[in-house]
$ cat upload.cif   # mmCIF, C-alpha atoms
data_data
loop_
_atom_site.label_atom_id
_atom_site.label_comp_id
_atom_site.auth_asym_id
_atom_site.auth_seq_id
_atom_site.Cartn_x
_atom_site.Cartn_y
_atom_site.Cartn_z
CA ILE A 30 -6.16 3.42 -12.42
CA SER A 31 -9.52 5.06 -12.97
CA VAL A 32 -11.19 2.26 -11.00
CA CYS A 33 -9.12 3.17 -7.95
CA PHE A 34 -10.12 6.81 -8.22
CA ARG A 35 -13.77 5.90 -8.76
CA LYS A 36 -13.57 3.76 -5.62
CA TYR A 37 -11.67 6.58 -3.88
CA ALA A 38 -12.45 5.61 -0.29
CA LYS A 39 -14.19 2.26 -0.80
CA PHE A 40 -12.56 -0.25 1.51
CA GLU A 41 -15.05 -3.07 0.94
CA GLY A 42 -14.97 -5.46 -1.96
CA ARG A 43 -12.06 -7.01 -3.81
CA ALA A 44 -9.33 -5.78 -6.17
CA SER A 45 -7.48 -7.84 -8.73
CA ARG A 46 -3.72 -7.92 -8.99
CA SER A 47 -3.78 -5.82 -12.15
CA GLU A 48 -5.95 -3.12 -10.55
CA PHE A 49 -3.62 -2.99 -7.57
CA TRP A 50 -0.29 -3.03 -9.42
CA TYR A 51 -1.30 -0.58 -12.16
CA PHE A 52 -2.36 1.91 -9.51
CA LYS A 53 0.91 1.44 -7.60
CA LEU A 54 2.84 1.89 -10.86
CA PHE A 55 0.88 5.07 -11.59
CA ILE A 56 1.71 6.46 -8.13
CA LEU A 57 5.39 5.55 -8.48
CA ILE A 58 5.80 7.12 -11.94
CA SER A 59 3.77 10.22 -11.07
CA PHE A 60 5.61 10.78 -7.81
CA GLY A 61 8.97 10.25 -9.50
CA ALA A 62 8.11 12.71 -12.26
CA LEU A 63 6.87 15.35 -9.82
CA PHE A 64 9.90 14.82 -7.60
CA ALA A 65 12.28 15.14 -10.57
CA LEU A 66 10.51 18.29 -11.75
CA THR A 67 10.73 19.70 -8.23
CA ILE A 68 14.48 19.05 -8.10
CA LEU A 69 15.26 20.17 -11.65
CA GLY A 70 12.76 22.99 -12.08
CA ASN A 71 13.02 26.48 -10.74
CA ASN A 72 9.26 26.80 -10.57
CA ASP A 73 7.59 26.67 -7.16
CA ILE A 74 4.45 25.09 -8.62
CA PHE A 75 6.00 21.61 -8.52
CA ILE A 76 6.93 22.03 -4.86
CA GLN A 77 3.26 22.75 -4.15
CA LEU A 78 1.97 19.93 -6.36
CA LEU A 79 3.96 17.19 -4.64
CA PRO A 80 2.16 17.27 -1.26
CA ILE A 81 -1.19 17.77 -3.01
CA PHE A 82 -0.52 14.66 -5.08
CA LEU A 83 0.48 12.67 -1.99
CA LEU A 84 -2.60 13.78 -0.06
CA GLY A 85 -4.81 13.04 -3.06
CA THR A 86 -3.54 9.49 -3.49
CA ILE A 87 -3.06 8.28 0.09
CA LEU A 88 -6.70 7.36 0.72
CA PRO A 89 -7.26 5.47 -2.56
CA SER A 90 -3.92 3.74 -1.99
CA TYR A 91 -4.98 2.43 1.42
CA ALA A 92 -8.38 1.50 -0.05
CA VAL A 93 -6.91 -0.53 -2.92
CA ASN A 94 -4.50 -2.18 -0.45
CA ALA A 95 -7.48 -3.28 1.65
CA ARG A 96 -9.42 -4.52 -1.37
CA ARG A 97 -6.38 -6.44 -2.62
CA LEU A 98 -6.00 -8.12 0.77
CA HIS A 99 -9.72 -8.95 0.69
CA ASP A 100 -9.14 -10.71 -2.63
CA VAL A 101 -6.79 -13.17 -0.90
CA ASN A 102 -9.30 -13.49 1.98
CA LYS A 103 -7.36 -11.40 4.51
CA SER A 104 -8.55 -8.41 6.49
CA GLY A 105 -7.66 -4.97 5.16
CA PHE A 106 -6.11 -4.21 8.52
CA PHE A 107 -3.19 -6.50 7.58
CA GLN A 108 -1.69 -3.53 5.74
CA LEU A 109 -1.08 -1.92 9.15
CA LEU A 110 0.91 -4.94 10.37
CA PRO A 111 4.44 -3.43 10.04
CA TYR A 112 3.69 -0.09 11.70
CA PRO A 113 3.81 -1.07 15.41
CA PHE A 114 7.12 -2.88 14.95
CA LEU A 115 8.69 -0.02 13.04
CA ILE A 116 7.47 2.50 15.62
CA ILE A 117 8.96 0.40 18.43
CA SER A 118 12.21 0.07 16.47
CA ASN A 119 12.59 3.86 16.70
CA ALA A 120 12.23 3.88 20.49
CA SER A 121 15.15 4.23 22.85
CA LEU A 122 15.65 0.57 23.71
CA PRO A 123 18.77 -1.58 23.82
CA PHE A 124 20.24 -2.22 20.39
CA ALA A 125 19.34 -5.94 20.32
CA PHE A 126 15.65 -5.13 20.88
CA LEU A 127 15.70 -2.45 18.20
CA ILE A 128 17.16 -4.86 15.65
CA PHE A 129 14.63 -7.52 16.64
CA PHE A 130 11.63 -5.22 16.16
CA TYR A 131 13.09 -3.76 12.98
CA LEU A 132 13.53 -7.24 11.50
CA ILE A 133 9.98 -8.25 12.44
CA GLY A 134 8.70 -5.06 10.77
CA LEU A 135 10.79 -5.76 7.69
CA PHE A 136 9.55 -9.37 7.57
CA SER A 137 5.95 -8.15 7.79
CA TYR A 138 6.55 -5.92 4.72
CA PHE A 139 7.76 -9.00 2.81
CA TYR A 140 4.69 -10.92 3.98
CA LEU A 141 2.46 -8.12 2.70
CA LEU A 142 4.30 -8.13 -0.61
CA PHE A 143 3.67 -11.89 -0.82
CA LEU A 144 -0.05 -11.32 -0.15
CA TYR A 145 -0.24 -8.53 -2.75
CA CYS A 146 1.35 -10.83 -5.36
CA LYS A 147 -0.68 -13.89 -4.44
CA LYS A 148 -3.42 -15.00 -6.80
CA GLY A 149 -6.87 -14.08 -5.52
CA ASP A 150 -9.56 -16.53 -4.51
CA LEU A 151 -11.35 -17.94 -7.53
CA LYS A 152 -14.53 -18.33 -5.52
CA ASP A 153 -16.63 -16.11 -3.30
CA ASN A 154 -14.95 -15.36 0.00
CA ASP A 155 -15.74 -13.50 3.23
CA TYR A 156 -15.17 -10.12 1.57
CA GLY A 157 -17.14 -10.36 -1.63
CA LEU A 158 -18.19 -12.20 -4.73
CA ASN A 159 -15.77 -13.71 -7.22
CA ILE A 160 -14.34 -10.99 -9.49
CA TYR A 161 -12.68 -13.36 -11.96
#
$ encode --input "upload.cif" --output "structure tokens"
Amino acid sequence: ISVCFRKYAKFEGRASRSEFWYFKLFILISFGALFALTILGNNDIFIQLLPIFLLGTILPSYAVNARRLHDVNKSGFFQLLPYPFLIISNASLPFAFLIFFYLIGLFSYFYLLFLYCKKGDLKDNDYGLNIY
């Protein structure tokens, strides 16, 4: 987790699966706790902390996504793959087209999940030296 914050906006290099998944787990647990405290608490401080937390973790999250994709020898821009399809699926098009673009966007999320879970290259690749 601390590695991701030390490499706050570093999009070059590679990230191991453990670095990636521990950071995602940290974000999930922290967000869930802040959200629960916002719902259950009567204090306005938690309402103010939630967007600060999200803004503070969005850049390192995209950075670790890019580094993780580099570890499997893919461009960091692959993490943006679902966005055009999901934006199009919210347009005012005929229903069949909307479903088509929505399914392609959903499939691209599953493809990204596959890449995030895939074992990294055990040799040097286009994005950096071997980290294993």
$ resolve_selection --input "upload.cif" --expression "the PyMOL selection byres ((chain A and resi 111) around 10)" --output "list of chain:residue names"
A:Phe107, A:Gln108, A:Leu109, A:Leu110, A:Tyr112, A:Pro113, A:Phe114, A:Leu115, A:Ile116, A:Phe130, A:Tyr131, A:Leu132, A:Ile133, A:Gly134, A:Leu135, A:Phe136, A:Ser137, A:Tyr138, A:Phe139, A:Tyr140, A:Leu141
$ resolve_selection --input "upload.cif" --expression "the PyMOL selection byres ((chain A and resi 81-94) around 6)" --output "ChimeraX atom specification"
/A:37-40,78-80,95-97
$ atom_distance --input "upload.cif" --atom1 "CA of Lys152 in chain A" --atom2 "CA of Ser45 in chain A"
13.0 Å
$ atom_distance --input "upload.cif" --atom1 "CA of Ser31 in chain A" --atom2 "CA of Ile160 in chain A"
17.1 Å
$ resolve_selection --input "upload.cif" --expression "the PyMOL selection byres ((chain A and resi 50) around 12)" --output "JSON, numbers by chain"
{"A": [30, 33, 44, 45, 46, 47, 48, 49, 51, 52, 53, 54, 55, 56, 57, 90, 93, 94, 97, 142, 145, 146, 147]}
$ write_last_selection --input "upload.cif" --atoms "C-alpha atoms" --output "PDB file, keeping the file's coordinate frame"
ATOM      1  CA  ILE A  30      -6.160   3.420 -12.420  1.00  0.00           C
ATOM      2  CA  CYS A  33      -9.120   3.170  -7.950  1.00  0.00           C
ATOM      3  CA  ALA A  44      -9.330  -5.780  -6.170  1.00  0.00           C
ATOM      4  CA  SER A  45      -7.480  -7.840  -8.730  1.00  0.00           C
ATOM      5  CA  ARG A  46      -3.720  -7.920  -8.990  1.00  0.00           C
ATOM      6  CA  SER A  47      -3.780  -5.820 -12.150  1.00  0.00           C
ATOM      7  CA  GLU A  48      -5.950  -3.120 -10.550  1.00  0.00           C
ATOM      8  CA  PHE A  49      -3.620  -2.990  -7.570  1.00  0.00           C
ATOM      9  CA  TYR A  51      -1.300  -0.580 -12.160  1.00  0.00           C
ATOM     10  CA  PHE A  52      -2.360   1.910  -9.510  1.00  0.00           C
ATOM     11  CA  LYS A  53       0.910   1.440  -7.600  1.00  0.00           C
ATOM     12  CA  LEU A  54       2.840   1.890 -10.860  1.00  0.00           C
ATOM     13  CA  PHE A  55       0.880   5.070 -11.590  1.00  0.00           C
ATOM     14  CA  ILE A  56       1.710   6.460  -8.130  1.00  0.00           C
ATOM     15  CA  LEU A  57       5.390   5.550  -8.480  1.00  0.00           C
ATOM     16  CA  SER A  90      -3.920   3.740  -1.990  1.00  0.00           C
ATOM     17  CA  VAL A  93      -6.910  -0.530  -2.920  1.00  0.00           C
ATOM     18  CA  ASN A  94      -4.500  -2.180  -0.450  1.00  0.00           C
ATOM     19  CA  ARG A  97      -6.380  -6.440  -2.620  1.00  0.00           C
ATOM     20  CA  LEU A 142       4.300  -8.130  -0.610  1.00  0.00           C
ATOM     21  CA  TYR A 145      -0.240  -8.530  -2.750  1.00  0.00           C
ATOM     22  CA  CYS A 146       1.350 -10.830  -5.360  1.00  0.00           C
ATOM     23  CA  LYS A 147      -0.680 -13.890  -4.440  1.00  0.00           C
TER      24      LYS A 147
END
$ atom_distance --input "upload.cif" --atom1 "CA of Arg43 in chain A" --atom2 "CA of Phe106 in chain A"
14.0 Å
$ decode --input "upload.cif" --residues "range 37-144 of chain A" --atoms "C-alpha atoms" --output "PDB file, in the first residue's frame"
ATOM      1  CA  TYR A  37       1.630   8.413  -6.321  1.00  0.00           C
ATOM      2  CA  ALA A  38       1.543   9.484  -9.968  1.00  0.00           C
ATOM      3  CA  LYS A  39       4.207   7.215 -11.455  1.00  0.00           C
ATOM      4  CA  PHE A  40       2.719   5.543 -14.503  1.00  0.00           C
ATOM      5  CA  GLU A  41       5.943   3.963 -15.771  1.00  0.00           C
ATOM      6  CA  GLY A  42       7.393   0.735 -14.521  1.00  0.00           C
ATOM      7  CA  ARG A  43       5.714  -2.460 -13.390  1.00  0.00           C
ATOM      8  CA  ALA A  44       3.580  -3.536 -10.419  1.00  0.00           C
ATOM      9  CA  SER A  45       3.221  -7.045  -9.068  1.00  0.00           C
ATOM     10  CA  ARG A  46      -0.127  -8.674  -8.435  1.00  0.00           C
ATOM     11  CA  SER A  47       0.295  -8.319  -4.677  1.00  0.00           C
ATOM     12  CA  GLU A  48       1.061  -4.589  -4.924  1.00  0.00           C
ATOM     13  CA  PHE A  49      -1.992  -4.088  -7.108  1.00  0.00           C
ATOM     14  CA  TRP A  50      -4.481  -6.214  -5.145  1.00  0.00           C
ATOM     15  CA  TYR A  51      -3.418  -5.018  -1.685  1.00  0.00           C
ATOM     16  CA  PHE A  52      -3.916  -1.434  -2.796  1.00  0.00           C
ATOM     17  CA  LYS A  53      -7.342  -2.254  -4.257  1.00  0.00           C
ATOM     18  CA  LEU A  54      -8.269  -4.049  -1.019  1.00  0.00           C
ATOM     19  CA  PHE A  55      -7.138  -1.018   0.992  1.00  0.00           C
ATOM     20  CA  ILE A  56      -9.304   1.289  -1.136  1.00  0.00           C
ATOM     21  CA  LEU A  57     -12.319  -1.028  -0.859  1.00  0.00           C
ATOM     22  CA  ILE A  58     -12.096  -1.411   2.936  1.00  0.00           C
ATOM     23  CA  SER A  59     -11.352   2.277   3.537  1.00  0.00           C
ATOM     24  CA  PHE A  60     -14.154   3.439   1.278  1.00  0.00           C
ATOM     25  CA  GLY A  61     -16.576   0.969   2.853  1.00  0.00           C
ATOM     26  CA  ALA A  62     -15.655   2.099   6.356  1.00  0.00           C
ATOM     27  CA  LEU A  63     -15.975   5.790   5.479  1.00  0.00           C
ATOM     28  CA  PHE A  64     -19.259   5.152   3.700  1.00  0.00           C
ATOM     29  CA  ALA A  65     -20.635   3.202   6.673  1.00  0.00           C
ATOM     30  CA  LEU A  66     -19.533   5.936   9.078  1.00  0.00           C
ATOM     31  CA  THR A  67     -21.171   8.526   6.828  1.00  0.00           C
ATOM     32  CA  ILE A  68     -24.456   6.610   6.848  1.00  0.00           C
ATOM     33  CA  LEU A  69     -24.423   5.675  10.533  1.00  0.00           C
ATOM     34  CA  GLY A  70     -22.790   8.748  12.035  1.00  0.00           C
ATOM     35  CA  ASN A  71     -24.395  12.068  12.720  1.00  0.00           C
ATOM     36  CA  ASN A  72     -21.095  13.853  12.280  1.00  0.00           C
ATOM     37  CA  ASP A  73     -20.540  15.876   9.107  1.00  0.00           C
ATOM     38  CA  ILE A  74     -16.805  15.170   9.155  1.00  0.00           C
ATOM     39  CA  PHE A  75     -17.289  11.781   7.479  1.00  0.00           C
ATOM     40  CA  ILE A  76     -19.345  13.359   4.699  1.00  0.00           C
ATOM     41  CA  GLN A  77     -16.401  15.666   4.019  1.00  0.00           C
ATOM     42  CA  LEU A  78     -13.780  12.915   4.294  1.00  0.00           C
ATOM     43  CA  LEU A  79     -15.362  10.667   1.674  1.00  0.00           C
ATOM     44  CA  PRO A  80     -14.737  12.896  -1.386  1.00  0.00           C
ATOM     45  CA  ILE A  81     -11.298  13.841  -0.046  1.00  0.00           C
ATOM     46  CA  PHE A  82     -10.437  10.142   0.203  1.00  0.00           C
ATOM     47  CA  LEU A  83     -11.721   9.489  -3.318  1.00  0.00           C
ATOM     48  CA  LEU A  84      -9.785  12.418  -4.776  1.00  0.00           C
ATOM     49  CA  GLY A  85      -6.665  11.369  -2.874  1.00  0.00           C
ATOM     50  CA  THR A  86      -6.724   7.803  -4.165  1.00  0.00           C
ATOM     51  CA  ILE A  87      -7.889   8.192  -7.767  1.00  0.00           C
ATOM     52  CA  LEU A  88      -4.494   9.128  -9.219  1.00  0.00           C
ATOM     53  CA  PRO A  89      -2.484   6.375  -7.474  1.00  0.00           C
ATOM     54  CA  SER A  90      -5.233   3.929  -8.434  1.00  0.00           C
ATOM     55  CA  TYR A  91      -4.913   4.750 -12.132  1.00  0.00           C
ATOM     56  CA  ALA A  92      -1.114   4.669 -11.776  1.00  0.00           C
ATOM     57  CA  VAL A  93      -1.049   1.206 -10.196  1.00  0.00           C
ATOM     58  CA  ASN A  94      -3.528   0.006 -12.845  1.00  0.00           C
ATOM     59  CA  ALA A  95      -1.130   1.178 -15.561  1.00  0.00           C
ATOM     60  CA  ARG A  96       1.886  -0.392 -13.862  1.00  0.00           C
ATOM     61  CA  ARG A  97       0.006  -3.679 -13.414  1.00  0.00           C
ATOM     62  CA  LEU A  98      -0.883  -3.713 -17.114  1.00  0.00           C
ATOM     63  CA  HIS A  99       2.768  -2.987 -17.916  1.00  0.00           C
ATOM     64  CA  ASP A 100       3.713  -6.087 -15.932  1.00  0.00           C
ATOM     65  CA  VAL A 101       1.723  -8.239 -18.375  1.00  0.00           C
ATOM     66  CA  ASN A 102       3.252  -6.282 -21.290  1.00  0.00           C
ATOM     67  CA  LYS A 103       0.156  -4.229 -22.136  1.00  0.00           C
ATOM     68  CA  SER A 104      -0.176  -0.478 -22.430  1.00  0.00           C
ATOM     69  CA  GLY A 105      -1.539   1.399 -19.429  1.00  0.00           C
ATOM     70  CA  PHE A 106      -4.170   2.877 -21.712  1.00  0.00           C
ATOM     71  CA  PHE A 107      -5.919  -0.518 -21.727  1.00  0.00           C
ATOM     72  CA  GLN A 108      -7.565   0.514 -18.457  1.00  0.00           C
ATOM     73  CA  LEU A 109      -9.580   3.065 -20.455  1.00  0.00           C
ATOM     74  CA  LEU A 110     -10.926   0.375 -22.796  1.00  0.00           C
ATOM     75  CA  PRO A 111     -14.475   0.090 -21.319  1.00  0.00           C
ATOM     76  CA  TYR A 112     -15.201   3.818 -21.113  1.00  0.00           C
ATOM     77  CA  PRO A 113     -16.150   4.589 -24.750  1.00  0.00           C
ATOM     78  CA  PHE A 114     -18.536   1.635 -24.887  1.00  0.00           C
ATOM     79  CA  LEU A 115     -20.189   2.525 -21.606  1.00  0.00           C
ATOM     80  CA  ILE A 116     -20.542   6.169 -22.649  1.00  0.00           C
ATOM     81  CA  ILE A 117     -22.151   5.103 -25.933  1.00  0.00           C
ATOM     82  CA  SER A 118     -24.451   2.729 -24.046  1.00  0.00           C
ATOM     83  CA  ASN A 119     -25.914   5.768 -22.252  1.00  0.00           C
ATOM     84  CA  ALA A 120     -26.721   7.568 -25.507  1.00  0.00           C
ATOM     85  CA  SER A 121     -30.186   7.744 -26.979  1.00  0.00           C
ATOM     86  CA  LEU A 122     -29.886   4.948 -29.523  1.00  0.00           C
ATOM     87  CA  PRO A 123     -32.178   2.042 -30.336  1.00  0.00           C
ATOM     88  CA  PHE A 124     -32.330  -0.539 -27.566  1.00  0.00           C
ATOM     89  CA  ALA A 125     -30.459  -3.242 -29.525  1.00  0.00           C
ATOM     90  CA  PHE A 126     -27.477  -0.914 -30.040  1.00  0.00           C
ATOM     91  CA  LEU A 127     -27.466   0.075 -26.378  1.00  0.00           C
ATOM     92  CA  ILE A 128     -27.377  -3.554 -25.267  1.00  0.00           C
ATOM     93  CA  PHE A 129     -24.623  -4.309 -27.785  1.00  0.00           C
ATOM     94  CA  PHE A 130     -22.372  -1.484 -26.560  1.00  0.00           C
ATOM     95  CA  TYR A 131     -23.166  -2.248 -22.933  1.00  0.00           C
ATOM     96  CA  LEU A 132     -22.166  -5.890 -23.399  1.00  0.00           C
ATOM     97  CA  ILE A 133     -18.927  -4.929 -25.146  1.00  0.00           C
ATOM     98  CA  GLY A 134     -18.132  -2.567 -22.250  1.00  0.00           C
ATOM     99  CA  LEU A 135     -18.933  -5.287 -19.737  1.00  0.00           C
ATOM    100  CA  PHE A 136     -16.778  -7.788 -21.638  1.00  0.00           C
ATOM    101  CA  SER A 137     -13.884  -5.310 -21.633  1.00  0.00           C
ATOM    102  CA  TYR A 138     -14.136  -5.065 -17.815  1.00  0.00           C
ATOM    103  CA  PHE A 139     -13.828  -8.863 -17.621  1.00  0.00           C
ATOM    104  CA  TYR A 140     -10.840  -8.736 -19.975  1.00  0.00           C
ATOM    105  CA  LEU A 141      -9.189  -6.152 -17.719  1.00  0.00           C
ATOM    106  CA  LEU A 142      -9.884  -8.313 -14.685  1.00  0.00           C
ATOM    107  CA  PHE A 143      -8.211 -11.209 -16.511  1.00  0.00           C
ATOM    108  CA  LEU A 144      -5.169  -9.018 -17.239  1.00  0.00           C
TER     109      LEU A 144
END
